[in-house]
Amino acid sequence: MMTRWDHSLRGFADAAAWFVATVGQVGDRWGEPGLGEWDVRALVGHTNRSFLTVESYLGQPAASVDVPSATAYYVATSAIAAGPEVAQRGRDAGAALGDDPAAAVAEIAGRVVAFVGTHDGAEMLTTVAGGMRLADYLPTRTFELVVHGADLCRALGLAPTPPDSAARQALELVAALAVERGRAGDLLLAATGRPGPAFSVL
């Protein structure tokens with residue numbers, strides 16, 4: 001019987017494989033529009049940080065849990081995520097992928113998925129928001145891979161079809177954030193085709 005951690009690992013690994021496969025379809029379109037002020041290379045670079053932060057944060061053990069859930073992580077980092085430095089980090093991360101970005105992403109994804117698979121989720125790590133358990137942080141990385149993987153698909157004119165395991169975890173987090181932010185009704189109306197204002201749970 002699969003544990004909660006097993007499901008989390010499966011979602012992360014499946015999201016990683018889907019993202020790698022999508023990046024493999026970029027071809028020579030790295031300079032085309034990606035998302036907002038990012039081109040495709042910067043969007044891929046930003047998304048690739050989902051792997052790199054897991055790796056680096058695990059190298060910084062935390063002494064206590066400051067952020068108890070994936071939902072709490074997004075609430076705690078909402079101001080940081082809206083800052084102008086995020087856009088520059090994406091561009092820098094894209095540039096760091098070098099002359100063969102697709103190969104670089106594939107190598108990093110494979111390395112980090114294997115590395116995470118050697119853990120049991122109870123490990124304490126230090127994130128930008130404070131101490132967290134790996135089991136609570138990893139779903140945020142799956143969410144980023146799914147959402148920005150869908151952004152990449154849209155930029156490339158592809159249908160956004162994330163794996164079921166990863167999509168379920170991303171949607172669970174969206175629902176939890178909507179409840180946390182008092183937007184559950186808006187989300188339910190939007191998801192069932194009712195008219196209403198555009199909004200974000202982030």
# chains A, B, ... in the order shown; residues from 1 in each chain; ligands from 1
call {"tool": "residues_around", "arguments": {"residues": "Leu125 (chain A)", "least_positions_apart": "5", "cutoff": "6 Å", "atoms": "only C-alpha atoms", "output": "MDAnalysis selection string"}}
result
chainID A and resid 57:58 60:62 131:132
call {"tool": "write_last_selection", "arguments": {"atoms": "N, CA and C atoms", "output": "CSV table (one decimal), in the first residue's frame"}}
result
chain,number,residue,atom,x,y,z
A,57,TYR,N,18.3,23.1,-0.6
A,57,TYR,CA,17.7,23.3,0.7
A,57,TYR,C,18.0,22.0,1.6
A,58,LEU,N,18.0,20.9,1.0
A,58,LEU,CA,18.4,19.7,1.8
A,58,LEU,C,19.8,19.7,2.3
A,60,GLN,N,20.8,22.3,3.7
A,60,GLN,CA,20.7,23.3,4.8
A,60,GLN,C,19.7,22.8,5.8
A,61,PRO,N,20.0,21.8,6.6
A,61,PRO,CA,19.1,21.3,7.6
A,61,PRO,C,18.5,22.3,8.5
A,62,ALA,N,17.2,22.3,8.8
A,62,ALA,CA,16.6,23.2,9.7
A,62,ALA,C,16.4,22.6,11.1
A,131,GLY,N,12.1,26.9,8.2
A,131,GLY,CA,12.3,25.4,8.2
A,131,GLY,C,11.0,24.7,7.8
A,132,MET,N,11.2,23.6,7.1
A,132,MET,CA,10.0,22.8,6.7
A,132,MET,C,10.5,21.3,6.6
call {"tool": "select_by_dssp", "arguments": {"residues": "region 6-170 of chain A", "states": "alpha helix (DSSP H)", "output": "MDAnalysis selection string"}}
result
chainID A and resid 6:23 40:58 70:76 78:81 85:95 101:116 134:156 164:170
call {"tool": "residues_around", "arguments": {"residues": "Glu32 (chain A)", "least_positions_apart": "6", "cutoff": "9 Å", "atoms": "only C-alpha atoms", "output": "count of residues only"}}
result
6
call {"tool": "residues_around", "arguments": {"residues": "Asp6 (chain A)", "least_positions_apart": "3", "cutoff": "12 Å", "atoms": "only C-alpha atoms", "output": "list in words"}}
result
Met1, Met2, Thr3, Leu9, Arg10, Gly11, Phe12, Ala13, Val116, Gly117, Thr118, His119, Asp120, Gly121, Ala135, Leu138, Pro139 and Ser165 of chain A
call {"tool": "write_last_selection", "arguments": {"atoms": "C-alpha atoms", "output": "CSV table (one decimal), in the first residue's frame"}}
result
chain,number,residue,atom,x,y,z
A,1,MET,CA,0.0,0.0,0.0
A,2,MET,CA,1.4,3.4,-1.0
A,3,THR,CA,2.0,5.9,1.7
A,9,LEU,CA,7.4,11.1,-4.7
A,10,ARG,CA,5.4,9.6,-7.6
A,11,GLY,CA,3.8,13.0,-8.4
A,12,PHE,CA,7.1,14.8,-8.3
A,13,ALA,CA,8.8,12.2,-10.5
A,116,VAL,CA,14.9,12.8,-3.4
A,117,GLY,CA,14.1,9.1,-3.7
A,118,THR,CA,16.7,8.3,-1.1
A,119,HIS,CA,14.8,10.3,1.6
A,120,ASP,CA,11.7,9.5,3.6
A,121,GLY,CA,10.1,12.9,3.8
A,135,ALA,CA,7.3,16.0,2.8
A,138,LEU,CA,8.1,18.7,-2.2
A,139,PRO,CA,4.4,19.2,-3.2
A,165,SER,CA,-0.6,11.9,-10.3
call {"tool": "residues_around", "arguments": {"residues": "region 102-107 of chain A", "least_positions_apart": "4", "cutoff": "9 Å", "atoms": "only C-alpha atoms", "output": "NGL selection string"}}
result
:A and (16-17 or 19-21 or 23-27 or 44-45 or 48 or 97-98 or 111-112)
call {"tool": "residues_around", "arguments": {"residues": "Ala93 (chain A)", "least_positions_apart": "3", "cutoff": "7 Å", "atoms": "only C-alpha atoms", "output": "list of chain:residue names"}}
result
A:Ala42, A:Gly45, A:His46, A:Arg89, A:Gly90, A:Ala96, A:Leu97
call {"tool": "residues_around", "arguments": {"residues": "region 146-153 of chain A", "least_positions_apart": "2", "cutoff": "8 Å", "atoms": "only C-alpha atoms", "output": "ChimeraX atom specification"}}
result
/A:15,18-19,22-23,34-35,40,43-44,47,142-144,155-162,166-167,170
call {"tool": "select_by_dssp", "arguments": {"residues": "region 31-193 of chain A", "states": "strand (DSSP E)", "output": "list in words"}}
result
Pro33, Gly34, Leu35, Trp38, Asp39, Met124, Leu125, Thr126, Thr127, Gly130, Gly131, Met132 and Arg133 of chain A
call {"tool": "write_last_selection", "arguments": {"atoms": "N, CA and C atoms", "output": "short mmCIF file (atom, residue, chain, number, x, y, z; two decimals), in the first residue's frame"}}
result
data_model
loop_
_atom_site.label_atom_id
_atom_site.label_comp_id
_atom_site.auth_asym_id
_atom_site.auth_seq_id
_atom_site.Cartn_x
_atom_site.Cartn_y
_atom_site.Cartn_z
N PRO A 33 8.47 34.24 -26.91
CA PRO A 33 7.78 34.60 -25.67
C PRO A 33 7.41 33.37 -24.85
N GLY A 34 7.67 33.45 -23.53
CA GLY A 34 7.36 32.33 -22.64
C GLY A 34 6.20 32.65 -21.72
N LEU A 35 6.45 33.52 -20.74
CA LEU A 35 5.42 33.91 -19.77
C LEU A 35 5.76 35.31 -19.28
N TRP A 38 9.30 36.92 -19.45
CA TRP A 38 10.24 35.84 -19.72
C TRP A 38 10.11 35.33 -21.14
N ASP A 39 11.24 35.01 -21.76
CA ASP A 39 11.20 34.21 -22.96
C ASP A 39 11.17 32.74 -22.55
N MET A 124 14.37 17.62 7.62
CA MET A 124 14.14 19.04 7.82
C MET A 124 15.05 19.83 6.89
N LEU A 125 14.51 20.81 6.22
CA LEU A 125 15.30 21.63 5.31
C LEU A 125 14.96 23.10 5.53
N THR A 126 15.85 23.97 5.09
CA THR A 126 15.66 25.40 5.27
C THR A 126 15.27 26.03 3.94
N THR A 127 14.05 26.55 3.86
CA THR A 127 13.56 27.21 2.66
C THR A 127 13.65 28.72 2.84
N GLY A 130 11.61 29.59 5.75
CA GLY A 130 11.96 29.03 7.05
C GLY A 130 12.00 27.52 7.00
N GLY A 131 12.12 26.89 8.16
CA GLY A 131 12.25 25.44 8.24
C GLY A 131 10.99 24.71 7.83
N MET A 132 11.17 23.62 7.09
CA MET A 132 10.05 22.77 6.65
C MET A 132 10.50 21.32 6.63
N ARG A 133 9.54 20.42 6.67
CA ARG A 133 9.82 19.02 6.39
C ARG A 133 9.79 18.81 4.88
#
call {"tool": "closest_residue", "arguments": {"among": "A:Glu123, A:Asp66, A:Asp92, A:Glu172", "to": "Val54 (chain A)", "atoms": "only C-alpha atoms"}}
result
A:Glu123
call {"tool": "atom_distance", "arguments": {"atom1": "CA of Gln88 (chain A)", "atom2": "CA of Pro101 (chain A)"}}
result
17.6 Å
call {"tool": "atom_distance", "arguments": {"atom1": "CA of Thr140 (chain A)", "atom2": "CA of Ser200 (chain A)"}}
result
15.9 Å
call {"tool": "closest_residue", "arguments": {"among": "A:Ala122, A:Arg183, A:Gly196, A:Arg141", "to": "Ser64 (chain A)", "atoms": "only C-alpha atoms"}}
result
A:Ala122
